[in-house]
>>> print(open('model-v3.cif').read())   # mmCIF, C-alpha atoms and all ligand atoms
data_structure
loop_
_atom_site.label_atom_id
_atom_site.label_comp_id
_atom_site.auth_asym_id
_atom_site.auth_seq_id
_atom_site.Cartn_x
_atom_site.Cartn_y
_atom_site.Cartn_z
CA MET A 1 47.06 42.00 39.74
CA LYS A 2 49.47 39.25 38.70
CA ARG A 3 48.89 37.87 35.23
CA CYS A 4 46.96 34.63 35.74
CA TRP A 5 46.20 33.87 32.11
CA LEU A 6 48.15 32.88 28.99
CA THR A 7 48.86 35.13 26.07
CA LEU A 8 48.82 34.17 22.43
CA GLY A 9 51.89 35.56 20.69
CA ARG A 10 51.78 36.29 16.99
CA LYS A 11 53.42 32.98 16.12
CA ASP A 12 51.88 30.85 18.87
CA HIS A 13 49.28 28.17 18.43
CA ILE A 14 46.67 27.62 21.10
CA SER A 15 47.28 23.88 21.01
CA GLU A 16 50.86 24.58 22.14
CA LEU A 17 49.77 26.49 25.24
CA ASP A 18 50.03 24.41 28.41
CA ALA A 19 46.53 23.72 29.68
CA SER A 20 47.94 22.55 33.03
CA ALA A 21 49.94 25.73 33.64
CA THR A 22 49.28 27.83 36.74
CA PRO A 23 50.56 31.30 35.82
CA GLY A 24 50.65 33.78 38.67
CA TRP A 25 50.04 31.09 41.27
CA ARG A 26 52.49 29.56 43.70
CA GLY A 27 51.26 26.87 45.99
CA GLY A 28 48.83 24.03 45.92
CA ALA A 29 45.17 23.45 45.30
CA ALA A 30 44.01 23.82 48.89
CA ARG A 31 45.43 27.30 49.25
CA ALA A 32 44.01 28.36 45.90
CA ARG A 33 40.53 27.17 46.92
CA LYS A 34 40.80 29.12 50.15
CA GLN A 35 41.85 32.25 48.35
CA THR A 36 39.02 31.79 45.86
CA ASP A 37 36.57 31.67 48.79
CA GLY A 38 38.02 34.92 50.12
CA LEU A 39 37.74 36.54 46.72
CA ARG A 40 34.14 35.38 46.46
CA ASP A 41 33.30 37.44 49.55
CA GLN A 42 34.71 40.46 47.73
CA LEU A 43 32.73 39.54 44.62
CA LEU A 44 29.49 39.38 46.61
CA GLY A 45 30.12 42.84 48.09
CA LEU A 46 31.00 44.36 44.74
CA GLN A 47 28.03 42.76 43.03
CA GLU A 48 25.68 44.15 45.66
CA ARG A 49 27.07 47.64 45.03
CA LEU A 50 26.75 47.16 41.27
CA PHE A 51 23.12 46.18 41.71
CA ALA A 52 22.39 49.05 44.12
CA GLU A 53 24.14 51.58 41.91
CA SER A 54 22.14 50.36 38.90
CA ARG A 55 24.27 52.19 36.35
CA GLN A 56 27.02 49.93 35.00
CA LYS A 57 26.73 46.52 33.36
CA LEU A 58 29.04 43.52 33.23
CA LEU A 59 29.07 40.91 30.49
CA VAL A 60 31.10 37.75 31.03
CA VAL A 61 31.61 35.54 27.97
CA LEU A 62 32.58 31.91 28.58
CA GLN A 63 33.80 29.73 25.74
CA ALA A 64 35.47 26.33 25.83
CA MET A 65 35.57 22.98 24.13
CA ASP A 66 32.97 20.46 25.33
CA THR A 67 33.78 19.44 28.93
CA GLY A 68 35.97 22.55 29.23
CA GLY A 69 34.26 23.51 32.49
CA LYS A 70 31.91 26.35 31.65
CA ASP A 71 29.14 25.08 33.91
CA GLY A 72 31.50 24.28 36.78
CA THR A 73 33.11 27.70 36.59
CA ILE A 74 29.74 29.42 36.77
CA ARG A 75 28.67 27.25 39.69
CA ARG A 76 31.81 27.82 41.69
CA VAL A 77 32.61 31.41 40.94
CA PHE A 78 29.12 32.83 41.26
CA SER A 79 27.66 30.71 44.06
CA GLY A 80 26.00 32.94 46.63
CA VAL A 81 25.66 35.98 44.39
CA ASN A 82 22.32 37.79 44.75
CA PRO A 83 20.21 36.07 42.05
CA ASN A 84 18.34 39.32 41.39
CA GLY A 85 21.42 40.87 39.86
CA ILE A 86 22.75 38.02 37.81
CA ARG A 87 21.62 35.97 34.83
CA VAL A 88 23.09 33.12 32.84
CA ALA A 89 22.32 33.04 29.12
CA ARG A 90 22.94 29.72 27.37
CA PHE A 91 23.52 29.55 23.65
CA GLY A 92 22.47 26.21 22.22
CA ARG A 93 21.62 25.29 18.66
CA PRO A 94 19.70 28.24 17.28
CA SER A 95 15.92 27.94 17.11
CA GLU A 96 14.00 28.53 13.91
CA LEU A 97 13.16 32.04 15.09
CA GLU A 98 16.81 32.74 15.87
CA LEU A 99 17.93 31.40 12.50
CA ALA A 100 15.43 33.71 10.83
CA HIS A 101 17.42 36.66 12.21
CA ASP A 102 21.04 37.76 11.97
CA TYR A 103 23.36 35.80 14.27
CA LEU A 104 23.89 38.68 16.71
CA TRP A 105 20.18 39.14 17.33
CA ARG A 106 19.90 36.53 20.07
CA ALA A 107 23.06 37.78 21.75
CA HIS A 108 21.99 41.40 21.75
CA ALA A 109 18.63 40.46 23.24
CA ARG A 110 20.36 38.99 26.28
CA VAL A 111 23.08 41.52 27.15
CA PRO A 112 22.98 42.90 30.71
CA GLU A 113 20.71 45.68 31.89
CA ARG A 114 22.01 48.36 34.23
CA GLY A 115 23.22 46.93 37.51
CA GLN A 116 23.34 43.41 36.14
CA ILE A 117 25.96 40.76 35.55
CA VAL A 118 25.16 38.46 32.64
CA ILE A 119 27.18 35.36 31.92
CA PHE A 120 27.12 34.07 28.36
CA ASN A 121 27.48 30.29 28.59
CA ARG A 122 28.64 30.00 24.98
CA SER A 123 27.86 33.09 23.01
CA HIS A 124 27.83 34.82 19.64
CA TYR A 125 31.32 33.32 19.22
CA GLU A 126 29.69 30.00 18.34
CA ASP A 127 28.99 31.64 15.01
CA VAL A 128 32.71 31.71 14.20
CA LEU A 129 33.50 28.41 15.99
CA VAL A 130 31.03 25.52 15.63
CA VAL A 131 29.57 27.20 12.55
CA ARG A 132 32.98 27.48 10.91
CA VAL A 133 34.25 24.04 11.85
CA ASN A 134 31.09 22.36 10.57
CA SER A 135 30.87 24.54 7.45
CA LEU A 136 27.35 25.69 8.32
CA VAL A 137 27.94 28.89 6.33
CA PRO A 138 30.47 29.69 3.59
CA GLU A 139 33.91 30.92 4.62
CA GLN A 140 33.36 34.47 3.38
CA THR A 141 30.33 34.70 5.67
CA TRP A 142 32.06 33.68 8.91
CA ARG A 143 35.19 35.67 8.06
CA ARG A 144 33.19 38.89 7.87
CA ARG A 145 31.83 38.21 11.34
CA TYR A 146 35.00 39.10 13.22
CA ALA A 147 34.55 42.73 12.20
CA HIS A 148 30.85 42.65 13.14
CA ILE A 149 31.70 41.22 16.53
CA ARG A 150 34.37 43.84 17.21
CA ASP A 151 31.90 46.59 16.29
CA PHE A 152 29.08 45.04 18.31
CA GLU A 153 31.22 44.73 21.41
CA ARG A 154 32.63 48.24 21.02
CA MET A 155 29.09 49.57 20.86
CA LEU A 156 28.19 47.74 24.08
CA VAL A 157 31.28 49.13 25.80
CA ASP A 158 30.56 52.67 24.56
CA GLU A 159 27.09 52.33 26.04
CA GLY A 160 28.34 51.38 29.50
CA THR A 161 29.04 47.64 29.48
CA THR A 162 32.26 46.10 30.74
CA ILE A 163 33.10 42.94 28.79
CA LEU A 164 35.36 40.10 29.93
CA LYS A 165 35.85 37.12 27.64
CA PHE A 166 37.23 33.83 28.92
CA TYR A 167 38.45 30.90 26.89
CA LEU A 168 38.84 27.90 29.22
CA HIS A 169 41.70 25.95 27.73
CA ILE A 170 41.83 22.19 28.26
CA ASP A 171 43.87 19.76 26.19
CA ARG A 172 42.74 16.75 24.24
CA ASP A 173 43.81 14.21 26.89
CA GLU A 174 41.90 16.05 29.56
CA GLN A 175 38.80 16.05 27.38
CA ARG A 176 39.13 12.30 26.86
CA GLU A 177 39.21 11.76 30.62
CA ARG A 178 36.25 14.03 31.24
CA LEU A 179 34.16 12.45 28.48
CA GLN A 180 35.05 8.97 29.74
CA ALA A 181 34.01 9.99 33.25
CA ARG A 182 30.60 10.88 31.85
CA LEU A 183 30.28 7.27 30.73
CA ASP A 184 31.80 5.69 33.82
CA GLU A 185 29.96 7.63 36.50
CA PRO A 186 26.18 7.07 36.53
CA SER A 187 25.54 10.53 37.98
CA LYS A 188 27.29 12.03 34.96
CA ASN A 189 25.64 9.91 32.25
CA TRP A 190 23.08 12.64 31.57
CA LYS A 191 25.88 14.93 30.42
CA PHE A 192 27.07 12.55 27.76
CA ASP A 193 26.16 13.44 24.20
CA GLU A 194 27.40 11.34 21.30
CA HIS A 195 27.56 14.51 19.26
CA ASP A 196 30.51 15.55 21.47
CA LEU A 197 32.50 12.61 20.08
CA VAL A 198 31.89 13.82 16.55
CA GLN A 199 33.14 17.30 17.47
CA ARG A 200 36.13 15.79 19.32
CA ARG A 201 37.37 14.35 16.04
CA LYS A 202 37.58 17.92 14.76
CA TRP A 203 39.76 19.04 17.65
CA ASP A 204 42.49 20.59 15.49
CA ASP A 205 39.97 22.55 13.44
CA TYR A 206 38.44 23.89 16.65
CA MET A 207 41.83 24.96 17.94
CA LEU A 208 42.43 26.93 14.76
CA ALA A 209 38.97 28.46 14.98
CA PHE A 210 39.54 29.53 18.60
CA GLU A 211 42.94 30.89 17.70
CA ASP A 212 41.58 33.06 14.90
CA ALA A 213 38.57 34.19 16.91
CA ILE A 214 40.71 35.25 19.85
CA ARG A 215 43.28 37.02 17.65
CA GLU A 216 40.66 38.82 15.61
CA THR A 217 38.49 39.98 18.49
CA HIS A 218 40.92 40.61 21.34
CA THR A 219 40.65 44.36 21.93
CA ASP A 220 41.53 46.69 24.79
CA GLU A 221 37.87 47.28 25.52
CA ALA A 222 36.77 43.64 25.25
CA PRO A 223 39.79 41.47 26.06
CA TRP A 224 40.13 37.71 25.91
CA TYR A 225 41.67 35.81 28.80
CA ILE A 226 43.05 32.36 27.98
CA ILE A 227 42.70 30.40 31.20
CA PRO A 228 44.56 27.09 31.54
CA ALA A 229 41.70 24.92 32.72
CA ASN A 230 42.94 21.36 33.18
CA ARG A 231 43.16 22.10 36.90
CA LYS A 232 39.77 23.23 38.10
CA TRP A 233 41.07 24.91 41.24
CA PHE A 234 43.37 27.08 39.18
CA ARG A 235 40.67 27.89 36.62
CA ASP A 236 38.26 29.02 39.34
CA TRP A 237 40.89 31.11 41.09
CA ALA A 238 42.02 32.78 37.86
CA VAL A 239 38.53 33.64 36.63
CA MET A 240 37.58 34.88 40.08
CA SER A 241 40.71 37.04 40.34
CA ILE A 242 40.08 38.70 36.97
CA LEU A 243 36.43 39.31 37.80
CA VAL A 244 37.11 40.84 41.20
CA ASP A 245 39.82 43.02 39.72
CA ALA A 246 37.49 44.24 36.94
CA LEU A 247 34.61 44.92 39.33
CA GLY A 248 37.00 46.73 41.66
CA ARG A 249 38.01 48.98 38.79
CA MET A 250 34.36 49.59 37.91
CA ASP A 251 34.10 50.70 41.55
CA PRO A 252 30.31 50.70 41.86
CA GLN A 253 28.93 52.94 44.60
CA TYR A 254 25.79 52.84 46.70
CA PRO A 255 23.56 55.61 45.41
CA LYS A 256 23.42 58.72 47.58
CA PRO A 257 19.95 59.10 49.09
CA ASP A 258 18.03 62.12 47.81
CA PHE A 259 16.70 62.66 51.33
CA ASP A 260 18.24 63.16 54.76
CA PRO A 261 17.98 59.77 56.49
CA GLY A 262 18.67 61.43 59.85
CA SER A 263 15.61 63.61 59.52
CA ILE A 264 13.17 60.73 59.19
CA ARG A 265 11.99 58.50 62.05
CA VAL A 266 10.11 55.30 61.54
CA GLU A 267 7.28 55.20 64.13
P1 LIG B 301 26.50 22.89 26.55
O1 LIG B 301 27.29 21.91 25.75
O2 LIG B 301 27.04 24.29 26.45
O3 LIG B 301 26.29 22.45 27.97
P2 LIG B 301 24.26 22.06 24.99
O4 LIG B 301 24.49 20.63 25.36
O5 LIG B 301 22.86 22.60 24.93
O6 LIG B 301 25.06 23.03 25.94
O7 LIG B 301 25.00 22.27 23.60
C1 LIG B 301 24.82 23.38 22.87
C2 LIG B 301 25.24 23.03 21.45
O8 LIG B 301 24.77 24.05 20.59
C3 LIG B 301 26.73 22.96 21.28
O9 LIG B 301 27.09 21.79 20.60
C4 LIG B 301 27.03 24.19 20.45
O10 LIG B 301 28.15 24.03 19.63
C5 LIG B 301 25.76 24.34 19.67
N1 LIG B 301 25.58 25.69 19.16
C6 LIG B 301 25.61 26.85 19.85
N2 LIG B 301 25.46 27.91 19.03
C7 LIG B 301 25.34 27.42 17.79
C8 LIG B 301 25.16 28.01 16.51
N3 LIG B 301 25.09 29.33 16.36
N4 LIG B 301 25.05 27.18 15.46
C9 LIG B 301 25.12 25.85 15.60
N5 LIG B 301 25.30 25.23 16.78
C10 LIG B 301 25.41 25.99 17.86
#
>>> encode(input="model-v3.cif", output="structure tokens", more="lines below")
Ligand code: ADP
Amino acid sequence: MKRCWLTLGRKDHISELDASATPGWRGGAARARKQTDGLRDQLLGLQERLFAESRQKLLVVLQAMDTGGKDGTIRRVFSGVNPNGIRVARFGRPSELELAHDYLWRAHARVPERGQIVIFNRSHYEDVLVVRVNSLVPEQTWRRRYAHIRDFERMLVDEGTTILKFYLHIDRDEQRERLQARLDEPSKNWKFDEHDLVQRRKWDDYMLAFEDAIRETHTDEAPWYIIPANRKWFRDWAVMSILVDALGRMDPQYPKPDFDPGSIRVE
């Protein structure tokens, strides 16, 4: 597969990565959308085999700034997938019960079962992102978490889960336009949250937090993919391509029947 994501070199800053880039893609939006539709057919077939095989598990982690396109990506990439085999887990502000536990508790409770794809719409990474930027815990507490997260994810992988982590990268101008659209278009008003404006003022702090989180937790077994996400058609195509490639490598198989189908006749 061609590389359709951005990499973060040792000296790079995320804010310097071009959120409008289209790595690995030549051509326009229309062709990308068409190819995404073709890839979705493959995804549906692979997901059915994953579900039938009922052995392997796939965890997809989606992180982004507000308006980064997490919901849209889920809607477009996974539309038509058999709902029995897929689940979306949202991670909002922790409840009292969740806060009474360690921060990984609510994530662990929602990881995929055998045969399932689970999408984390936000995730345990909020505990080194929003929590860090807003100083909800002391620095020494969130700094220790990178190691916990690496260990947690390695454990999941050792126990049969494939993990793909996506950071949907938009830039500050794109966020302004998307937030403004939520004010200008009545059908989008419900998405507007004044709290997002408060977080927007901390943009640079968020970029640093993402940068550290990605550097500290990018591993061979649970890699991060930085997807330039200003252009939605590219974002969808890139995420879809990586997913189909990963599922293809998982190569789920229909289970062999433990009976001879030819020897049975339905009257
Ligand atoms: P979304 O913005 O993903 O569509 P919501 O509007 O429900 O969903 O927002 C969820 C909010 O919860 C976000 O502002 C996010 O930063 C916040 N959040 C998630 N996890 C935590 C956490 N562990 N601590 C504090 N806030 C969190």
>>> residues_near_ligand(input="model-v3.cif", ligand="ligand LIG 301 (chain B)", cutoff="6 Å", atoms="only C-alpha atoms and all ligand atoms", output="list in words")
Asp66, Phe91, Gly92, Arg93, Pro94, Glu126, Asp127, Val130 and Val131 of chain A
>>> residues_around(input="model-v3.cif", residues="Cys4 in chain A", least_positions_apart="6", cutoff="6 Å", atoms="all atoms listed in the file", output="ChimeraX atom specification")
/A:23-24,238
>>> closest_residue(input="model-v3.cif", among="A:Ala64, A:Ala109, A:Leu156, A:Ile170", to="Ser15 in chain A", atoms="only C-alpha atoms")
A:Ile170
>>> atom_distance(input="model-v3.cif", atom1="CA of Leu104 in chain A", atom2="CA of Gly85 in chain A")
23.4 Å
>>> closest_residue(input="model-v3.cif", among="A:Asp151, A:His13, A:Arg265, A:Leu97", to="Met207 in chain A", atoms="only C-alpha atoms")
A:His13
>>> atom_distance(input="model-v3.cif", atom1="CA of Tyr254 in chain A", atom2="CA of Leu50 in chain A")
7.9 Å
>>> residues_around(input="model-v3.cif", residues="Arg90 in chain A", least_positions_apart="2", cutoff="10 Å", atoms="only C-alpha atoms", output="MDAnalysis selection string")
chainID A and resid 62 87:88 92:93 107 110 119:123
>>> axis_aligned_box(input="model-v3.cif", around="range 208-212 of chain A", padding_each_side="3 Å", output="AutoDock Vina command-line options")
--center_x 41.0 --center_y 30.0 --center_z 16.7 --size_x 10.0 --size_y 12.1 --size_z 9.8
>>> atom_distance(input="model-v3.cif", atom1="CA of Thr217 in chain A", atom2="CA of Lys57 in chain A")
20.1 Å
>>> closest_residue(input="model-v3.cif", among="A:His108, A:Ser187, A:Glu53, A:Lys34", to="Lys256 in chain A", atoms="all atoms listed in the file")
A:Glu53
>>> closest_residue(input="model-v3.cif", among="A:Val77, A:Leu129, A:Leu44, A:Ile86", to="Gln199 in chain A", atoms="only C-alpha atoms")
A:Leu129
>>> closest_residue(input="model-v3.cif", among="A:Val133, A:Tyr167, A:Lys232, A:Asn189", to="Leu6 in chain A", atoms="all atoms listed in the file")
A:Tyr167
>>> residues_around(input="model-v3.cif", residues="range 176-183 of chain A", least_positions_apart="4", cutoff="10 Å", atoms="all atoms listed in the file", output="VMD selection string")
chain A and resid 66 to 69 171 to 172 187 to 194 196 to 197 200
>>> closest_residue(input="model-v3.cif", among="A:Gln56, A:Thr73, A:Ser79, A:Asn230", to="Asp41 in chain A", atoms="all atoms listed in the file")
A:Ser79
>>> build_atoms(input="model-v3.cif", residues="range 120-139 of chain A", atoms="N, CA and C atoms", output="PDB file, in the frame of the given file")
ATOM      1  N   PHE A 120      27.423  34.800  29.597  1.00  0.00           N
ATOM      2  CA  PHE A 120      27.120  34.070  28.360  1.00  0.00           C
ATOM      3  C   PHE A 120      27.802  32.704  28.438  1.00  0.00           C
ATOM      4  N   ASN A 121      26.981  31.654  28.597  1.00  0.00           N
ATOM      5  CA  ASN A 121      27.480  30.290  28.590  1.00  0.00           C
ATOM      6  C   ASN A 121      27.432  29.810  27.140  1.00  0.00           C
ATOM      7  N   ARG A 122      28.562  29.892  26.433  1.00  0.00           N
ATOM      8  CA  ARG A 122      28.640  30.000  24.980  1.00  0.00           C
ATOM      9  C   ARG A 122      28.066  31.358  24.607  1.00  0.00           C
ATOM     10  N   SER A 123      28.148  31.701  23.343  1.00  0.00           N
ATOM     11  CA  SER A 123      27.860  33.090  23.010  1.00  0.00           C
ATOM     12  C   SER A 123      27.760  33.269  21.503  1.00  0.00           C
ATOM     13  N   HIS A 124      27.788  34.512  21.079  1.00  0.00           N
ATOM     14  CA  HIS A 124      27.830  34.820  19.640  1.00  0.00           C
ATOM     15  C   HIS A 124      29.103  34.268  18.994  1.00  0.00           C
ATOM     16  N   TYR A 125      30.101  33.888  19.809  1.00  0.00           N
ATOM     17  CA  TYR A 125      31.320  33.320  19.220  1.00  0.00           C
ATOM     18  C   TYR A 125      31.088  31.954  18.595  1.00  0.00           C
ATOM     19  N   GLU A 126      29.997  31.271  19.005  1.00  0.00           N
ATOM     20  CA  GLU A 126      29.690  30.000  18.340  1.00  0.00           C
ATOM     21  C   GLU A 126      29.566  30.187  16.834  1.00  0.00           C
ATOM     22  N   ASP A 127      29.210  31.383  16.438  1.00  0.00           N
ATOM     23  CA  ASP A 127      28.990  31.640  15.010  1.00  0.00           C
ATOM     24  C   ASP A 127      30.276  31.821  14.209  1.00  0.00           C
ATOM     25  N   VAL A 128      31.418  31.817  14.906  1.00  0.00           N
ATOM     26  CA  VAL A 128      32.710  31.710  14.200  1.00  0.00           C
ATOM     27  C   VAL A 128      33.479  30.476  14.682  1.00  0.00           C
ATOM     28  N   LEU A 129      32.834  29.619  15.483  1.00  0.00           N
ATOM     29  CA  LEU A 129      33.500  28.410  15.990  1.00  0.00           C
ATOM     30  C   LEU A 129      32.797  27.171  15.420  1.00  0.00           C
ATOM     31  N   VAL A 130      31.719  26.734  16.100  1.00  0.00           N
ATOM     32  CA  VAL A 130      31.030  25.520  15.630  1.00  0.00           C
ATOM     33  C   VAL A 130      30.536  25.709  14.193  1.00  0.00           C
ATOM     34  N   VAL A 131      30.112  26.918  13.885  1.00  0.00           N
ATOM     35  CA  VAL A 131      29.570  27.200  12.550  1.00  0.00           C
ATOM     36  C   VAL A 131      30.667  27.090  11.484  1.00  0.00           C
ATOM     37  N   ARG A 132      31.835  27.570  11.833  1.00  0.00           N
ATOM     38  CA  ARG A 132      32.980  27.480  10.910  1.00  0.00           C
ATOM     39  C   ARG A 132      33.447  26.040  10.752  1.00  0.00           C
ATOM     40  N   VAL A 133      33.664  25.379  11.893  1.00  0.00           N
ATOM     41  CA  VAL A 133      34.250  24.040  11.850  1.00  0.00           C
ATOM     42  C   VAL A 133      33.345  23.059  11.106  1.00  0.00           C
ATOM     43  N   ASN A 134      32.029  23.267  11.226  1.00  0.00           N
ATOM     44  CA  ASN A 134      31.090  22.360  10.570  1.00  0.00           C
ATOM     45  C   ASN A 134      30.575  22.899   9.236  1.00  0.00           C
ATOM     46  N   SER A 135      31.224  23.952   8.751  1.00  0.00           N
ATOM     47  CA  SER A 135      30.870  24.540   7.450  1.00  0.00           C
ATOM     48  C   SER A 135      29.368  24.813   7.316  1.00  0.00           C
ATOM     49  N   LEU A 136      28.788  25.409   8.362  1.00  0.00           N
ATOM     50  CA  LEU A 136      27.350  25.690   8.320  1.00  0.00           C
ATOM     51  C   LEU A 136      27.044  26.926   7.475  1.00  0.00           C
ATOM     52  N   VAL A 137      28.069  27.756   7.272  1.00  0.00           N
ATOM     53  CA  VAL A 137      27.940  28.890   6.330  1.00  0.00           C
ATOM     54  C   VAL A 137      29.239  28.944   5.523  1.00  0.00           C
ATOM     55  N   PRO A 138      29.238  29.603   4.373  1.00  0.00           N
ATOM     56  CA  PRO A 138      30.470  29.690   3.590  1.00  0.00           C
ATOM     57  C   PRO A 138      31.547  30.495   4.314  1.00  0.00           C
ATOM     58  N   GLU A 139      32.791  30.264   3.955  1.00  0.00           N
ATOM     59  CA  GLU A 139      33.910  30.920   4.620  1.00  0.00           C
ATOM     60  C   GLU A 139      33.794  32.449   4.597  1.00  0.00           C
TER      61      GLU A 139
END
